[in-house]
Amino acid sequence: MRRFHSILLFAILSQAVLSCASVKTVSFEPDKETVLRNPLNGWVLYLERNWDETFWDKTGYDHIVTSTGDTVKVSDYANTVYVRTSWRAFEPEEGKYAWTDPDSRLNHLFRSVLDRGMKLSFRIVVDGRDQGQNTPDYVFDAGAEYYTSKVGNREVRSPYPDDPVFQEKYSRFIEALAGEYNDIDKVDFIDAYGLGKWGEGHSLVYKDPSNNVAVMDWITKLYARTFTDIPLVINYHRLLGEPSDNGWGPVSSVSDSLLERAIANGYSLRHDAFGMNDYYQEWEKDFAHRWNYRRPIILEGGWITGAHHRYWIDSSGKYREGHAEDVRQGEYEAGAEAHVNMMDLRIGDQTASWFGSCFDLVKRFTIEGGYRLYPSRVTVPEKVAAGSKVTLRSQWENLGWGYCPVNIPQWNWRYRVGYALLDRTGKPVRIFADSSSDLSLCLKDKPLRSILKTDLSGLDKGSYTWAVSLVDSQNKDCPGLQVAIDPALQQDGWVEVLTLEII
């Protein structure tokens, strides 16, 4: 009996020593070159709403020459295409939708984007001032009240945003739109306000200006109710919802509270005038600072360097006439200050200047901007007995100045740290997801540590490969975000760590 106890004690001690001696830490160096195709992250390419699928060749975007002399595709660097278009383009007649018409220009354009592995985003404009008729005629024929403006020799009608007929028709359209585009495989984000001049949210014309709060609640709740899976953004600026036509001026007394309402209804942030120092001022900077790492921010550069804008009159005094690269540098610096997740290439001459004289900034933002996560250390067991309890540890770093916004309502912490055991063919036989890991806390110079205690019950004895990734809880915990690790070290999105022997 004494001999049996001795054997048992020896076995227990041996297993304890085996467990302690079998744990190993593996360190990884980050990949600082690969363009990661992650949502709400990276470069945005803007398209004209009257383009179709032929624009890739006509604009030279499929063969653009960089400042280094290389020929690349713009779509190799941009993750998302942003189309600022009209309600009328989407629905020229009541119930007739562009996405159901295989011959429509928008349909062809959108298909060409998705075929390149990019995602869509858009803003739908209803106000026709300075642009032409943006709202379908059937809305006014149904009785929606409107105001008129001259665009060239044509009189254009625009609906009052607080008109009930307009709201009814628009709501029906957005519900139909969501039926097609509430799909994260197709759409990255929606600029989901679109009122006022150019849809930027200023210079609104109401039937009753006191309805500005009610209009904000109506439109933001409409988008939030219908686009449950797609991040929604709104243009934050000091004249949001301002019921006037005076362009720009002092800070509105209602802008802050209106934005707070939009954010409470699930919205994130973007701004249309980064780099324009007379428009993007201290109010906007302070607002961005207040919401850093609580809501992602998307940058749009304000100056059009190849057209009518006289960017060299900017109050910063940093932009020289004939030097678009000065503006690109100014936008980049403003984006870094605001910790933006996305920057824009815009179109035409804008895109050409980014890839021409400023290609170094394009590559820098790929590494420095937005979020770029990787596992710097992973600690897992090398050899354990079948059915053992194990502790899995990893440390994650963020190379970017932005953040991974798992805390927004539409994502609802869907992405998290995951561990897997891969079989000899590289397929996961067991996935262990750390539901307590909050990727929104993984910031530059502030690592995120994951510790997960689990067991290996039900796994056969033999050899496996430990792997880690950032998994999607709404897709069976499969890898959902690309990580900044050499692709050669990955298997279908899983970063291979070391071999485990179950004995």
# chains A, B, ... in the order shown; residues from 1 in each chain; ligands from 1
>>> select_by_dssp(residues="region 218-400 of chain A", states="strand (DSSP E or B)", output="PyMOL selection string")
chain A and resi 232-235+267-274+297-301+342-346+373-381+383-384+389-398
>>> write_last_selection(atoms="C-alpha atoms", output="PDB file, in the first residue's frame")
ATOM      1  CA  LEU A 232     -22.791  54.915 -38.969  1.00  0.00           C
ATOM      2  CA  VAL A 233     -20.899  58.214 -39.018  1.00  0.00           C
ATOM      3  CA  ILE A 234     -21.773  61.895 -38.893  1.00  0.00           C
ATOM      4  CA  ASN A 235     -19.847  65.019 -39.831  1.00  0.00           C
ATOM      5  CA  TYR A 267     -22.980  57.077 -34.444  1.00  0.00           C
ATOM      6  CA  SER A 268     -19.242  57.443 -34.925  1.00  0.00           C
ATOM      7  CA  LEU A 269     -17.438  60.478 -36.342  1.00  0.00           C
ATOM      8  CA  ARG A 270     -15.996  61.912 -39.551  1.00  0.00           C
ATOM      9  CA  HIS A 271     -15.094  65.389 -40.736  1.00  0.00           C
ATOM     10  CA  ASP A 272     -15.082  66.863 -44.225  1.00  0.00           C
ATOM     11  CA  ALA A 273     -12.423  69.567 -43.854  1.00  0.00           C
ATOM     12  CA  PHE A 274      -9.216  68.163 -42.390  1.00  0.00           C
ATOM     13  CA  ILE A 297     -12.853  59.145 -36.543  1.00  0.00           C
ATOM     14  CA  ILE A 298     -12.703  59.229 -40.349  1.00  0.00           C
ATOM     15  CA  LEU A 299     -10.774  61.962 -42.146  1.00  0.00           C
ATOM     16  CA  GLU A 300     -11.728  63.723 -45.341  1.00  0.00           C
ATOM     17  CA  GLY A 301      -9.293  66.308 -46.660  1.00  0.00           C
ATOM     18  CA  MET A 342      -9.190  56.314 -41.953  1.00  0.00           C
ATOM     19  CA  MET A 343      -7.829  58.885 -44.389  1.00  0.00           C
ATOM     20  CA  ASP A 344      -8.987  59.707 -47.898  1.00  0.00           C
ATOM     21  CA  LEU A 345      -7.237  59.711 -51.249  1.00  0.00           C
ATOM     22  CA  ARG A 346     -10.133  61.617 -52.830  1.00  0.00           C
ATOM     23  CA  LEU A 373      -2.550  44.871 -34.036  1.00  0.00           C
ATOM     24  CA  TYR A 374      -0.171  41.965 -33.600  1.00  0.00           C
ATOM     25  CA  PRO A 375       0.708  39.436 -30.888  1.00  0.00           C
ATOM     26  CA  SER A 376       4.130  40.375 -29.509  1.00  0.00           C
ATOM     27  CA  ARG A 377       4.240  37.404 -27.100  1.00  0.00           C
ATOM     28  CA  VAL A 378       2.270  34.179 -26.795  1.00  0.00           C
ATOM     29  CA  THR A 379       2.675  31.722 -23.901  1.00  0.00           C
ATOM     30  CA  VAL A 380       1.190  28.249 -24.312  1.00  0.00           C
ATOM     31  CA  PRO A 381       2.027  24.697 -23.163  1.00  0.00           C
ATOM     32  CA  LYS A 383       3.334  19.099 -23.706  1.00  0.00           C
ATOM     33  CA  VAL A 384       0.377  18.143 -21.501  1.00  0.00           C
ATOM     34  CA  LYS A 389      -6.459  22.275 -17.708  1.00  0.00           C
ATOM     35  CA  VAL A 390      -4.250  24.909 -19.352  1.00  0.00           C
ATOM     36  CA  THR A 391      -3.661  28.653 -19.217  1.00  0.00           C
ATOM     37  CA  LEU A 392      -3.173  30.532 -22.488  1.00  0.00           C
ATOM     38  CA  ARG A 393      -1.553  33.955 -22.481  1.00  0.00           C
ATOM     39  CA  SER A 394      -0.802  36.553 -25.129  1.00  0.00           C
ATOM     40  CA  GLN A 395       0.213  40.190 -25.337  1.00  0.00           C
ATOM     41  CA  TRP A 396      -1.083  42.352 -28.196  1.00  0.00           C
ATOM     42  CA  GLU A 397       0.422  45.596 -29.445  1.00  0.00           C
ATOM     43  CA  ASN A 398      -1.017  48.346 -31.643  1.00  0.00           C
TER      44      ASN A 398
END
>>> residues_around(residues="Lys444 (chain A)", least_positions_apart="3", cutoff="12 Å", atoms="only C-alpha atoms", output="list in words")
Tyr293, His339, Ile367, Glu368, Gly369, Gly370, Tyr371, Arg372, Leu373, Tyr374, Trp396, Glu397, Asn398, Leu399, Gly400, Trp401, Gly402, Tyr403, Cys404, Leu439, Ser440, Leu441, Pro447 and Leu448 of chain A
>>> write_last_selection(atoms="N, CA, C and O atoms", output="CSV table (one decimal), in the first residue's frame")
chain,number,residue,atom,x,y,z
A,293,TYR,N,-10.8,57.2,-28.9
A,293,TYR,CA,-10.8,55.9,-28.4
A,293,TYR,C,-12.2,55.5,-27.8
A,293,TYR,O,-12.3,54.4,-27.3
A,339,HIS,N,-6.0,61.3,-34.2
A,339,HIS,CA,-6.0,59.8,-34.1
A,339,HIS,C,-7.0,59.1,-35.0
A,339,HIS,O,-7.7,58.2,-34.6
A,367,ILE,N,1.2,52.0,-41.9
A,367,ILE,CA,1.8,51.4,-40.7
A,367,ILE,C,1.4,52.2,-39.5
A,367,ILE,O,1.1,51.6,-38.4
A,368,GLU,N,1.3,53.5,-39.6
A,368,GLU,CA,1.2,54.4,-38.4
A,368,GLU,C,-0.3,54.7,-38.0
A,368,GLU,O,-0.6,55.0,-36.9
A,369,GLY,N,-1.1,54.8,-39.0
A,369,GLY,CA,-2.5,55.2,-38.8
A,369,GLY,C,-3.5,54.1,-38.4
A,369,GLY,O,-3.2,52.9,-38.5
A,370,GLY,N,-4.6,54.5,-38.0
A,370,GLY,CA,-5.7,53.6,-37.7
A,370,GLY,C,-5.2,52.6,-36.6
A,370,GLY,O,-4.5,52.9,-35.7
A,371,TYR,N,-5.6,51.3,-36.8
A,371,TYR,CA,-5.2,50.3,-35.8
A,371,TYR,C,-4.4,49.2,-36.6
A,371,TYR,O,-4.8,48.9,-37.7
A,372,ARG,N,-3.4,48.7,-36.0
A,372,ARG,CA,-2.5,47.7,-36.6
A,372,ARG,C,-2.0,46.8,-35.5
A,372,ARG,O,-1.0,47.0,-34.8
A,373,LEU,N,-2.8,45.7,-35.2
A,373,LEU,CA,-2.6,44.9,-34.0
A,373,LEU,C,-1.7,43.6,-34.4
A,373,LEU,O,-1.9,43.1,-35.5
A,374,TYR,N,-0.9,43.2,-33.4
A,374,TYR,CA,-0.2,42.0,-33.6
A,374,TYR,C,0.2,41.4,-32.2
A,374,TYR,O,0.3,42.1,-31.2
A,396,TRP,N,-0.8,41.8,-26.9
A,396,TRP,CA,-1.1,42.4,-28.2
A,396,TRP,C,-0.7,43.8,-28.2
A,396,TRP,O,-1.0,44.5,-27.2
A,397,GLU,N,0.0,44.2,-29.3
A,397,GLU,CA,0.4,45.6,-29.4
A,397,GLU,C,-0.3,46.2,-30.6
A,397,GLU,O,-0.8,45.6,-31.5
A,398,ASN,N,-0.4,47.6,-30.6
A,398,ASN,CA,-1.0,48.3,-31.6
A,398,ASN,C,0.0,49.3,-32.2
A,398,ASN,O,0.5,50.2,-31.5
A,399,LEU,N,0.4,49.1,-33.4
A,399,LEU,CA,1.4,50.1,-34.1
A,399,LEU,C,0.7,51.4,-34.5
A,399,LEU,O,1.4,52.3,-34.8
A,400,GLY,N,-0.6,51.4,-34.6
A,400,GLY,CA,-1.3,52.6,-35.1
A,400,GLY,C,-1.7,53.6,-34.0
A,400,GLY,O,-1.8,53.3,-32.8
A,401,TRP,N,-2.0,54.8,-34.4
A,401,TRP,CA,-2.4,55.8,-33.5
A,401,TRP,C,-3.9,55.8,-33.3
A,401,TRP,O,-4.4,56.5,-32.4
A,402,GLY,N,-4.6,55.0,-34.1
A,402,GLY,CA,-6.1,54.9,-33.9
A,402,GLY,C,-6.4,53.7,-33.0
A,402,GLY,O,-5.6,53.3,-32.1
A,403,TYR,N,-7.6,53.2,-33.1
A,403,TYR,CA,-8.0,52.1,-32.2
A,403,TYR,C,-8.9,51.2,-32.9
A,403,TYR,O,-9.6,51.5,-33.9
A,404,CYS,N,-9.0,49.9,-32.4
A,404,CYS,CA,-9.9,48.9,-33.0
A,404,CYS,C,-11.3,49.1,-32.3
A,404,CYS,O,-11.4,48.7,-31.1
A,439,LEU,N,-10.5,44.7,-27.4
A,439,LEU,CA,-9.5,45.2,-28.3
A,439,LEU,C,-9.5,46.7,-28.4
A,439,LEU,O,-8.5,47.3,-28.9
A,440,SER,N,-10.6,47.3,-28.0
A,440,SER,CA,-10.6,48.8,-28.0
A,440,SER,C,-9.6,49.4,-27.0
A,440,SER,O,-9.3,50.6,-27.1
A,441,LEU,N,-9.1,48.6,-26.1
A,441,LEU,CA,-8.2,49.0,-25.1
A,441,LEU,C,-6.7,48.8,-25.5
A,441,LEU,O,-5.8,49.2,-24.8
A,447,PRO,N,-0.2,48.0,-24.3
A,447,PRO,CA,-0.5,46.6,-24.8
A,447,PRO,C,-1.8,46.1,-24.1
A,447,PRO,O,-2.1,46.5,-23.0
A,448,LEU,N,-2.4,45.1,-24.8
A,448,LEU,CA,-3.5,44.4,-24.2
A,448,LEU,C,-3.0,43.0,-23.9
A,448,LEU,O,-2.4,42.3,-24.7
>>> atom_distance(atom1="CA of Pro164 (chain A)", atom2="CA of Trp99 (chain A)")
26.2 Å
>>> residues_around(residues="Gly241 (chain A)", least_positions_apart="3", cutoff="7 Å", atoms="only C-alpha atoms", output="list in words")
Gly201, His202, Leu204, Asn212 and Ser255 of chain A
>>> write_last_selection(atoms="all heavy atoms", output="compact mmCIF listing (two decimals), in the first residue's frame")
# COMPACT_ATOMS: atom_id res chain seq x y z
N GLY A 201 -24.43 68.72 -43.40
CA GLY A 201 -25.09 68.98 -42.13
C GLY A 201 -25.12 70.43 -41.70
O GLY A 201 -25.48 70.73 -40.56
N HIS A 202 -24.73 71.34 -42.59
CA HIS A 202 -24.83 72.76 -42.25
C HIS A 202 -25.75 73.45 -43.25
O HIS A 202 -26.12 72.89 -44.28
CB HIS A 202 -23.45 73.44 -42.26
CG HIS A 202 -22.75 73.41 -43.58
ND1 HIS A 202 -23.04 74.27 -44.61
CD2 HIS A 202 -21.76 72.62 -44.04
CE1 HIS A 202 -22.27 74.02 -45.64
NE2 HIS A 202 -21.48 73.00 -45.33
N LEU A 204 -28.92 74.15 -43.08
CA LEU A 204 -30.21 73.48 -43.26
C LEU A 204 -31.33 74.51 -43.38
O LEU A 204 -31.26 75.60 -42.78
CB LEU A 204 -30.51 72.54 -42.10
CG LEU A 204 -30.00 71.10 -42.26
CD1 LEU A 204 -28.49 71.04 -42.21
CD2 LEU A 204 -30.62 70.19 -41.21
N ASN A 212 -35.01 71.23 -35.19
CA ASN A 212 -33.68 70.67 -35.47
C ASN A 212 -33.38 69.44 -34.60
O ASN A 212 -32.79 68.47 -35.06
CB ASN A 212 -32.58 71.73 -35.32
CG ASN A 212 -32.59 72.39 -33.95
OD1 ASN A 212 -33.43 72.12 -33.10
ND2 ASN A 212 -31.64 73.30 -33.76
N SER A 255 -24.86 72.59 -31.88
CA SER A 255 -24.07 71.55 -32.54
C SER A 255 -23.61 70.47 -31.58
O SER A 255 -23.71 69.27 -31.87
CB SER A 255 -22.87 72.17 -33.25
OG SER A 255 -23.28 72.97 -34.33
>>> select_by_dssp(residues="region 333-492 of chain A", states="helix (DSSP H, G or I)", output="list in words")
Glu333, Ala334, Gly335, Ala336, Glu337, Ala338, Asp349, Gln350, Thr351, Ala352, Ser353, Trp354, Phe355, Phe359, Asp360, Leu361, Val362, Lys363, Arg364, Phe365, Thr366, Ile367, Glu368, Leu439, Ser440, Leu441, Pro487, Ala488 and Leu489 of chain A
>>> closest_atom_pairs(of="region 181-216 of chain A", to="region 123-132 of chain A", cutoff="7 Å", atoms="only C-alpha atoms", output="tab-separated table")
residue	atom	partner	partner_atom	distance
A:Ile190	CA	A:Arg123	CA	6.3
A:Asp191	CA	A:Arg123	CA	4.8
A:Ala192	CA	A:Arg123	CA	6.4
A:Gly194	CA	A:Val125	CA	4.9
A:Leu195	CA	A:Val126	CA	6.4
A:Gly196	CA	A:Asp127	CA	5.9
A:Lys197	CA	A:Asp127	CA	6.1
A:Trp198	CA	A:Val125	CA	6.5
A:Gly199	CA	A:Val125	CA	5.0
>>> closest_residue(among="A:Ala98, A:Val113, A:Val429, A:Val417", to="Asp472 (chain A)", atoms="only C-alpha atoms")
A:Val417
>>> closest_residue(among="A:Thr228, A:Asp183, A:Asn292, A:Leu239", to="Asn341 (chain A)", atoms="only C-alpha atoms")
A:Asn292
